[in-house]
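Structure file query28.txt with compact mmCIF, N, CA and C atoms:
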# COMPACT_ATOMS: atom_id res chain seq x y z
N MET A 1 0.84 -1.19 0.00
CA MET A 1 0.00 0.00 0.00
C MET A 1 0.87 1.24 0.00
N SER A 2 0.32 2.27 -0.51
CA SER A 2 1.02 3.54 -0.62
C SER A 2 1.30 4.13 0.76
N PRO A 3 2.49 4.69 0.97
CA PRO A 3 2.78 5.31 2.26
C PRO A 3 1.92 6.54 2.53
N GLU A 4 1.30 7.11 1.48
CA GLU A 4 0.44 8.28 1.68
C GLU A 4 -0.88 7.91 2.34
N VAL A 5 -1.25 6.63 2.32
CA VAL A 5 -2.51 6.20 2.89
C VAL A 5 -2.41 6.29 4.41
N LYS A 6 -3.29 7.07 5.00
CA LYS A 6 -3.31 7.24 6.45
C LYS A 6 -4.59 6.61 6.98
N PRO A 7 -4.50 5.42 7.58
CA PRO A 7 -5.71 4.80 8.09
C PRO A 7 -6.29 5.60 9.25
N THR A 8 -7.61 5.62 9.33
CA THR A 8 -8.28 6.28 10.44
C THR A 8 -8.91 5.21 11.32
N MET A 9 -9.07 5.54 12.58
CA MET A 9 -9.62 4.58 13.54
C MET A 9 -10.90 5.15 14.13
N LEU A 10 -11.87 4.28 14.33
CA LEU A 10 -13.12 4.63 14.97
C LEU A 10 -13.38 3.57 16.02
N ALA A 11 -13.34 3.95 17.30
CA ALA A 11 -13.57 3.02 18.41
C ALA A 11 -12.65 1.80 18.32
N GLY A 12 -11.40 2.02 17.90
CA GLY A 12 -10.44 0.93 17.83
C GLY A 12 -10.54 0.09 16.57
N VAL A 13 -11.52 0.35 15.72
CA VAL A 13 -11.67 -0.39 14.47
C VAL A 13 -11.20 0.50 13.33
N ARG A 14 -10.34 -0.05 12.51
CA ARG A 14 -9.80 0.72 11.40
C ARG A 14 -10.89 0.98 10.35
N GLU A 15 -11.11 2.24 10.02
CA GLU A 15 -12.00 2.58 8.91
C GLU A 15 -11.20 2.40 7.63
N CYS A 16 -11.81 1.76 6.65
CA CYS A 16 -11.03 1.41 5.47
C CYS A 16 -11.91 1.39 4.23
N PRO A 17 -11.55 2.14 3.20
CA PRO A 17 -12.33 2.12 1.97
C PRO A 17 -12.28 0.76 1.28
N ILE A 18 -11.24 -0.02 1.51
CA ILE A 18 -11.19 -1.37 0.95
C ILE A 18 -12.31 -2.21 1.55
N ASP A 19 -12.49 -2.11 2.86
CA ASP A 19 -13.57 -2.83 3.53
C ASP A 19 -14.92 -2.38 3.00
N ASP A 20 -15.08 -1.07 2.81
CA ASP A 20 -16.34 -0.54 2.28
C ASP A 20 -16.61 -1.11 0.88
N ALA A 21 -15.58 -1.14 0.04
CA ALA A 21 -15.74 -1.66 -1.32
C ALA A 21 -16.06 -3.14 -1.31
N LEU A 22 -15.40 -3.89 -0.44
CA LEU A 22 -15.66 -5.33 -0.38
C LEU A 22 -17.06 -5.64 0.11
N THR A 23 -17.63 -4.75 0.89
CA THR A 23 -19.01 -4.94 1.34
C THR A 23 -19.94 -4.95 0.13
N VAL A 24 -19.61 -4.19 -0.90
CA VAL A 24 -20.45 -4.09 -2.10
C VAL A 24 -20.13 -5.18 -3.11
N VAL A 25 -18.86 -5.39 -3.40
CA VAL A 25 -18.47 -6.30 -4.49
C VAL A 25 -17.49 -7.38 -4.03
N GLY A 26 -17.52 -7.72 -2.78
CA GLY A 26 -16.51 -8.62 -2.23
C GLY A 26 -16.77 -10.10 -2.40
N ASP A 27 -17.65 -10.46 -3.29
CA ASP A 27 -17.82 -11.89 -3.53
C ASP A 27 -17.59 -12.17 -5.01
N ARG A 28 -17.24 -13.38 -5.29
CA ARG A 28 -16.90 -13.80 -6.65
C ARG A 28 -18.00 -13.45 -7.65
N TRP A 29 -19.23 -13.72 -7.29
CA TRP A 29 -20.34 -13.57 -8.23
C TRP A 29 -20.56 -12.12 -8.63
N SER A 30 -20.47 -11.21 -7.68
CA SER A 30 -20.67 -9.79 -8.02
C SER A 30 -19.62 -9.32 -9.02
N LEU A 31 -18.38 -9.71 -8.79
CA LEU A 31 -17.31 -9.30 -9.71
C LEU A 31 -17.48 -9.94 -11.09
N LEU A 32 -17.98 -11.17 -11.13
CA LEU A 32 -18.21 -11.81 -12.43
C LEU A 32 -19.35 -11.11 -13.18
N VAL A 33 -20.36 -10.65 -12.47
CA VAL A 33 -21.45 -9.90 -13.11
C VAL A 33 -20.88 -8.60 -13.70
N VAL A 34 -20.08 -7.88 -12.92
CA VAL A 34 -19.48 -6.63 -13.41
C VAL A 34 -18.59 -6.93 -14.62
N ARG A 35 -17.83 -8.03 -14.56
CA ARG A 35 -16.97 -8.42 -15.68
C ARG A 35 -17.80 -8.58 -16.95
N GLU A 36 -18.89 -9.35 -16.86
CA GLU A 36 -19.71 -9.61 -18.04
C GLU A 36 -20.33 -8.34 -18.60
N ILE A 37 -20.86 -7.50 -17.73
CA ILE A 37 -21.46 -6.26 -18.22
C ILE A 37 -20.39 -5.39 -18.85
N GLY A 38 -19.19 -5.39 -18.26
CA GLY A 38 -18.07 -4.66 -18.84
C GLY A 38 -17.68 -5.17 -20.21
N PHE A 39 -17.88 -6.48 -20.46
CA PHE A 39 -17.63 -7.07 -21.78
C PHE A 39 -18.77 -6.80 -22.75
N GLY A 40 -19.85 -6.17 -22.28
CA GLY A 40 -20.97 -5.88 -23.15
C GLY A 40 -22.09 -6.91 -23.10
N VAL A 41 -22.00 -7.85 -22.17
CA VAL A 41 -23.04 -8.85 -21.97
C VAL A 41 -24.02 -8.25 -20.98
N THR A 42 -25.18 -7.81 -21.46
CA THR A 42 -26.05 -6.96 -20.63
C THR A 42 -27.40 -7.56 -20.29
N ARG A 43 -27.71 -8.72 -20.85
CA ARG A 43 -29.03 -9.30 -20.63
C ARG A 43 -28.94 -10.48 -19.67
N PHE A 44 -29.99 -10.61 -18.85
CA PHE A 44 -30.02 -11.57 -17.75
C PHE A 44 -29.58 -12.98 -18.18
N ASN A 45 -30.23 -13.53 -19.19
CA ASN A 45 -29.93 -14.91 -19.60
C ASN A 45 -28.49 -15.06 -20.07
N ASP A 46 -27.97 -14.05 -20.76
CA ASP A 46 -26.59 -14.11 -21.23
C ASP A 46 -25.61 -14.02 -20.07
N ILE A 47 -25.89 -13.16 -19.10
CA ILE A 47 -25.02 -13.06 -17.92
C ILE A 47 -25.02 -14.39 -17.18
N ALA A 48 -26.20 -14.99 -17.02
CA ALA A 48 -26.30 -16.28 -16.33
C ALA A 48 -25.47 -17.33 -17.07
N ARG A 49 -25.58 -17.37 -18.40
CA ARG A 49 -24.86 -18.37 -19.19
C ARG A 49 -23.34 -18.18 -19.09
N HIS A 50 -22.89 -16.94 -19.16
CA HIS A 50 -21.45 -16.67 -19.16
C HIS A 50 -20.80 -16.83 -17.79
N THR A 51 -21.58 -16.70 -16.73
CA THR A 51 -21.01 -16.83 -15.38
C THR A 51 -21.28 -18.19 -14.76
N GLY A 52 -22.29 -18.91 -15.26
CA GLY A 52 -22.67 -20.18 -14.66
C GLY A 52 -23.46 -20.01 -13.38
N MET A 53 -23.98 -18.82 -13.14
CA MET A 53 -24.72 -18.53 -11.91
C MET A 53 -26.14 -19.07 -11.99
N ALA A 54 -26.64 -19.51 -10.85
CA ALA A 54 -28.06 -19.86 -10.74
C ALA A 54 -28.87 -18.58 -10.89
N ARG A 55 -30.06 -18.71 -11.45
CA ARG A 55 -30.89 -17.54 -11.74
C ARG A 55 -31.24 -16.75 -10.48
N ASP A 56 -31.54 -17.44 -9.38
CA ASP A 56 -31.89 -16.71 -8.15
C ASP A 56 -30.69 -15.95 -7.60
N ARG A 57 -29.51 -16.55 -7.69
CA ARG A 57 -28.29 -15.87 -7.22
C ARG A 57 -28.00 -14.65 -8.09
N LEU A 58 -28.15 -14.80 -9.40
CA LEU A 58 -27.92 -13.69 -10.31
C LEU A 58 -28.90 -12.55 -10.03
N ALA A 59 -30.17 -12.89 -9.87
CA ALA A 59 -31.17 -11.85 -9.58
C ALA A 59 -30.81 -11.09 -8.31
N SER A 60 -30.36 -11.81 -7.30
CA SER A 60 -29.96 -11.19 -6.04
C SER A 60 -28.77 -10.26 -6.24
N ARG A 61 -27.76 -10.72 -6.97
CA ARG A 61 -26.57 -9.89 -7.20
C ARG A 61 -26.91 -8.66 -8.02
N LEU A 62 -27.74 -8.82 -9.03
CA LEU A 62 -28.12 -7.66 -9.84
C LEU A 62 -28.84 -6.62 -8.99
N ARG A 63 -29.74 -7.07 -8.12
CA ARG A 63 -30.45 -6.13 -7.23
C ARG A 63 -29.46 -5.40 -6.32
N SER A 64 -28.53 -6.14 -5.72
CA SER A 64 -27.61 -5.49 -4.78
C SER A 64 -26.65 -4.56 -5.51
N LEU A 65 -26.21 -4.92 -6.71
CA LEU A 65 -25.33 -4.03 -7.47
C LEU A 65 -26.07 -2.79 -7.93
N GLU A 66 -27.35 -2.93 -8.25
CA GLU A 66 -28.15 -1.77 -8.63
C GLU A 66 -28.37 -0.85 -7.42
N THR A 67 -28.69 -1.43 -6.28
CA THR A 67 -28.87 -0.65 -5.05
C THR A 67 -27.60 0.11 -4.68
N ALA A 68 -26.44 -0.52 -4.91
CA ALA A 68 -25.16 0.09 -4.58
C ALA A 68 -24.72 1.13 -5.61
N GLY A 69 -25.45 1.24 -6.72
CA GLY A 69 -25.08 2.22 -7.74
C GLY A 69 -23.98 1.77 -8.67
N ILE A 70 -23.72 0.47 -8.74
CA ILE A 70 -22.68 -0.08 -9.61
C ILE A 70 -23.24 -0.31 -11.01
N ILE A 71 -24.49 -0.73 -11.08
CA ILE A 71 -25.15 -0.96 -12.37
C ILE A 71 -26.49 -0.22 -12.37
N ARG A 72 -27.04 -0.07 -13.56
CA ARG A 72 -28.40 0.46 -13.69
C ARG A 72 -29.15 -0.47 -14.64
N ARG A 73 -30.45 -0.54 -14.41
CA ARG A 73 -31.31 -1.40 -15.20
C ARG A 73 -32.09 -0.53 -16.18
N GLU A 74 -32.13 -0.95 -17.43
CA GLU A 74 -32.83 -0.20 -18.46
C GLU A 74 -33.75 -1.13 -19.22
N GLN A 75 -34.99 -0.72 -19.40
CA GLN A 75 -35.94 -1.55 -20.14
C GLN A 75 -35.66 -1.42 -21.63
N TYR A 76 -35.58 -2.55 -22.32
CA TYR A 76 -35.38 -2.51 -23.76
C TYR A 76 -36.57 -3.10 -24.53
N ASN A 77 -37.52 -3.71 -23.81
CA ASN A 77 -38.70 -4.27 -24.46
C ASN A 77 -39.88 -4.09 -23.52
N GLU A 78 -41.02 -3.67 -24.11
CA GLU A 78 -42.21 -3.43 -23.29
C GLU A 78 -43.05 -4.68 -23.10
N ARG A 79 -43.27 -5.45 -24.15
CA ARG A 79 -44.13 -6.63 -24.09
C ARG A 79 -43.39 -7.81 -24.63
N PRO A 80 -42.96 -8.74 -23.84
CA PRO A 80 -42.98 -8.69 -22.39
C PRO A 80 -41.89 -7.75 -21.89
N PRO A 81 -42.03 -7.26 -20.66
CA PRO A 81 -41.01 -6.34 -20.15
C PRO A 81 -39.66 -7.06 -20.02
N ARG A 82 -38.67 -6.49 -20.64
CA ARG A 82 -37.31 -7.04 -20.58
C ARG A 82 -36.35 -5.90 -20.26
N HIS A 83 -35.31 -6.24 -19.50
CA HIS A 83 -34.33 -5.23 -19.08
C HIS A 83 -32.92 -5.68 -19.44
N GLU A 84 -32.06 -4.70 -19.59
CA GLU A 84 -30.64 -4.97 -19.69
C GLU A 84 -29.95 -4.19 -18.58
N TYR A 85 -28.73 -4.57 -18.30
CA TYR A 85 -27.99 -4.00 -17.18
C TYR A 85 -26.73 -3.34 -17.73
N LEU A 86 -26.52 -2.12 -17.29
CA LEU A 86 -25.40 -1.31 -17.76
C LEU A 86 -24.59 -0.82 -16.56
N LEU A 87 -23.30 -0.64 -16.76
CA LEU A 87 -22.46 -0.10 -15.69
C LEU A 87 -22.70 1.39 -15.54
N THR A 88 -22.73 1.83 -14.31
CA THR A 88 -22.75 3.26 -14.02
C THR A 88 -21.31 3.76 -14.07
N GLU A 89 -21.11 5.03 -13.84
CA GLU A 89 -19.75 5.56 -13.75
C GLU A 89 -18.98 4.84 -12.65
N SER A 90 -19.63 4.62 -11.53
CA SER A 90 -19.00 3.89 -10.42
C SER A 90 -18.64 2.46 -10.84
N GLY A 91 -19.53 1.81 -11.57
CA GLY A 91 -19.26 0.46 -12.05
C GLY A 91 -18.10 0.43 -13.04
N ARG A 92 -18.05 1.41 -13.92
CA ARG A 92 -16.92 1.48 -14.87
C ARG A 92 -15.61 1.68 -14.14
N GLY A 93 -15.66 2.32 -12.97
CA GLY A 93 -14.46 2.49 -12.17
C GLY A 93 -13.88 1.18 -11.66
N LEU A 94 -14.69 0.12 -11.66
CA LEU A 94 -14.21 -1.20 -11.23
C LEU A 94 -13.44 -1.93 -12.33
N LEU A 95 -13.58 -1.52 -13.57
CA LEU A 95 -12.97 -2.26 -14.67
C LEU A 95 -11.44 -2.33 -14.56
N PRO A 96 -10.74 -1.25 -14.18
CA PRO A 96 -9.29 -1.38 -14.00
C PRO A 96 -8.93 -2.35 -12.85
N VAL A 97 -9.78 -2.41 -11.84
CA VAL A 97 -9.56 -3.34 -10.73
C VAL A 97 -9.68 -4.77 -11.24
N LEU A 98 -10.71 -5.04 -12.05
CA LEU A 98 -10.88 -6.37 -12.61
C LEU A 98 -9.73 -6.72 -13.55
N ASP A 99 -9.25 -5.74 -14.31
CA ASP A 99 -8.10 -5.99 -15.18
C ASP A 99 -6.86 -6.34 -14.36
N ALA A 100 -6.67 -5.63 -13.24
CA ALA A 100 -5.53 -5.94 -12.37
C ALA A 100 -5.67 -7.34 -11.78
N LEU A 101 -6.88 -7.73 -11.39
CA LEU A 101 -7.11 -9.09 -10.88
C LEU A 101 -6.82 -10.13 -11.96
N ARG A 102 -7.23 -9.84 -13.20
CA ARG A 102 -6.97 -10.76 -14.30
C ARG A 102 -5.47 -10.93 -14.51
N ARG A 103 -4.73 -9.82 -14.53
CA ARG A 103 -3.28 -9.90 -14.72
C ARG A 103 -2.62 -10.66 -13.58
N TRP A 104 -3.07 -10.42 -12.36
CA TRP A 104 -2.54 -11.12 -11.19
C TRP A 104 -2.86 -12.62 -11.31
N GLY A 105 -4.09 -12.94 -11.71
CA GLY A 105 -4.48 -14.33 -11.89
C GLY A 105 -3.65 -15.02 -12.95
N ASP A 106 -3.27 -14.29 -14.01
CA ASP A 106 -2.42 -14.85 -15.06
C ASP A 106 -1.05 -15.25 -14.51
N MET A 107 -0.61 -14.60 -13.44
CA MET A 107 0.71 -14.90 -12.86
C MET A 107 0.67 -16.12 -11.94
N MET A 108 -0.53 -16.52 -11.53
CA MET A 108 -0.63 -17.66 -10.61
C MET A 108 -0.27 -18.94 -11.35
N PRO A 109 0.41 -19.86 -10.65
CA PRO A 109 0.75 -21.12 -11.31
C PRO A 109 -0.52 -21.89 -11.67
N HIS A 110 -0.51 -22.52 -12.83
CA HIS A 110 -1.67 -23.33 -13.24
C HIS A 110 -1.80 -24.50 -12.29
N GLY A 111 -3.04 -24.80 -11.96
CA GLY A 111 -3.28 -25.89 -11.03
C GLY A 111 -3.23 -25.47 -9.58
N ALA A 112 -3.08 -24.13 -9.35
CA ALA A 112 -3.07 -23.64 -7.97
C ALA A 112 -4.46 -23.89 -7.38
N PRO A 113 -4.52 -24.24 -6.10
CA PRO A 113 -5.84 -24.50 -5.50
C PRO A 113 -6.73 -23.26 -5.57
N ALA A 114 -8.01 -23.49 -5.86
CA ALA A 114 -8.97 -22.40 -5.97
C ALA A 114 -9.35 -21.85 -4.60
N THR A 115 -9.30 -22.68 -3.58
CA THR A 115 -9.64 -22.25 -2.23
C THR A 115 -8.54 -22.69 -1.29
N PRO A 116 -8.37 -21.95 -0.20
CA PRO A 116 -7.30 -22.32 0.76
C PRO A 116 -7.60 -23.64 1.45

In structure tokens, how does this file's structure come out?
Amino acid sequence: MSPEVKPTMLAGVRECPIDDALTVVGDRWSLLVVREIGFGVTRFNDIARHTGMARDRLASRLRSLETAGIIRREQYNERPPRHEYLLTESGRGLLPVLDALRRWGDMMPHGAPATP
């Protein structure tokens, strides 16, 4: 971490923007949703197919990402009502983070365990 970063403390607990960010996108599925939308995959069924997510899990992640202001939902069809999901400015700000994670993942040895 940069030496310019000055952590602040509140009641003995470190306040940290990393912790705040992880509260919003700190699980695998949320980041995979952002990845797909960043690739231009914006429709529910396509996001589900590309991530392998169960439909109920995807619906939950889309709602939480929309509530957090990372994505926005836009209707593209009236009958039946259909929506697509687009990154907000805040969501687009995550793309360099995902790129850094991808580059870091490329450096990991193949066959490395997925979980500790």

I'd like a table as a Markdown table: residues in stretch 85-112 of chain A with an atom no more than 10 Å from stretch 9-31 of chain A, each row giving the shortest atom pair and its distance in Å to one decimal, only C-alpha atoms counted, sorted by chain and rising residue number.
| residue | atom | partner | partner_atom | distance |
| --- | --- | --- | --- | --- |
| A:Leu94 | CA | A:Leu31 | CA | 8.8 |
| A:Leu95 | CA | A:Leu31 | CA | 9.6 |
| A:Val97 | CA | A:Leu31 | CA | 9.8 |
| A:Leu98 | CA | A:Leu31 | CA | 7.6 |

Q) Can you list, as a ChimeraX atom specification, every residue of stretch 7-39 of chain A that DSSP puts in strand (DSSP E)? A) /A:8-10,13-15

Q | Distance query stretch 76-85 of chain A at most 6 Å, all atoms listed in the file, self and fewer than 3 positions along chain excluded, as a ChimeraX atom specification | A | /A:42-44,72-73

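Residue nearest A:Ala68, chosen from A:Gly40, A:Asp56, A:Gly91, A:Arg49 and counting only C-alpha atoms: A:Gly91.
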
Q. If you measure from atom N of A:Thr88 to atom N of A:Asp106, what distance in Å do you get, rounded to one decimal?
A.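 Taking atom N of A:Thr88 and atom N of A:Asp106, their separation equals 25.3 Å.
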
Q: Based on DSSP run over this structure's backbone, return all residues of stretch 28-94 of chain A in alpha helix (DSSP H), as a PyMOL selection string.
A: chain A and resi 28-38+44-51+55-67+89-92

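Residue nearest A:Glu89 within the list A:Leu101, A:Ile37, A:Ile70, A:Ala48: A:Ile70 [criterion: smallest interatomic distance, only N, CA and C atoms].
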
Quick one: stretch 19-51 of chain A with C-alpha atoms, as a short mmCIF file (atom, residue, chain, number, x, y, z; two decimals), in the first residue's frame?
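Once written, decode34.cif looks like this:
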data_model
loop_
_atom_site.label_atom_id
_atom_site.label_comp_id
_atom_site.auth_asym_id
_atom_site.auth_seq_id
_atom_site.Cartn_x
_atom_site.Cartn_y
_atom_site.Cartn_z
CA ASP A 19 -13.57 -2.83 3.53
CA ASP A 20 -16.34 -0.54 2.28
CA ALA A 21 -15.74 -1.66 -1.32
CA LEU A 22 -15.66 -5.33 -0.38
CA THR A 23 -19.01 -4.94 1.34
CA VAL A 24 -20.45 -4.09 -2.10
CA VAL A 25 -18.47 -6.30 -4.49
CA GLY A 26 -16.51 -8.62 -2.23
CA ASP A 27 -17.82 -11.89 -3.53
CA ARG A 28 -16.90 -13.80 -6.65
CA TRP A 29 -20.34 -13.57 -8.23
CA SER A 30 -20.67 -9.79 -8.02
CA LEU A 31 -17.31 -9.30 -9.71
CA LEU A 32 -18.21 -11.81 -12.43
CA VAL A 33 -21.45 -9.90 -13.11
CA VAL A 34 -19.48 -6.63 -13.41
CA ARG A 35 -16.97 -8.42 -15.68
CA GLU A 36 -19.71 -9.61 -18.04
CA ILE A 37 -21.46 -6.26 -18.22
CA GLY A 38 -18.07 -4.66 -18.84
CA PHE A 39 -17.63 -7.07 -21.78
CA GLY A 40 -20.97 -5.88 -23.15
CA VAL A 41 -23.04 -8.85 -21.97
CA THR A 42 -26.05 -6.96 -20.63
CA ARG A 43 -29.03 -9.30 -20.63
CA PHE A 44 -30.02 -11.57 -17.75
CA ASN A 45 -29.93 -14.91 -19.60
CA ASP A 46 -26.59 -14.11 -21.23
CA ILE A 47 -25.02 -13.06 -17.92
CA ALA A 48 -26.30 -16.28 -16.33
CA ARG A 49 -24.86 -18.37 -19.19
CA HIS A 50 -21.45 -16.67 -19.16
CA THR A 51 -21.01 -16.83 -15.38
#
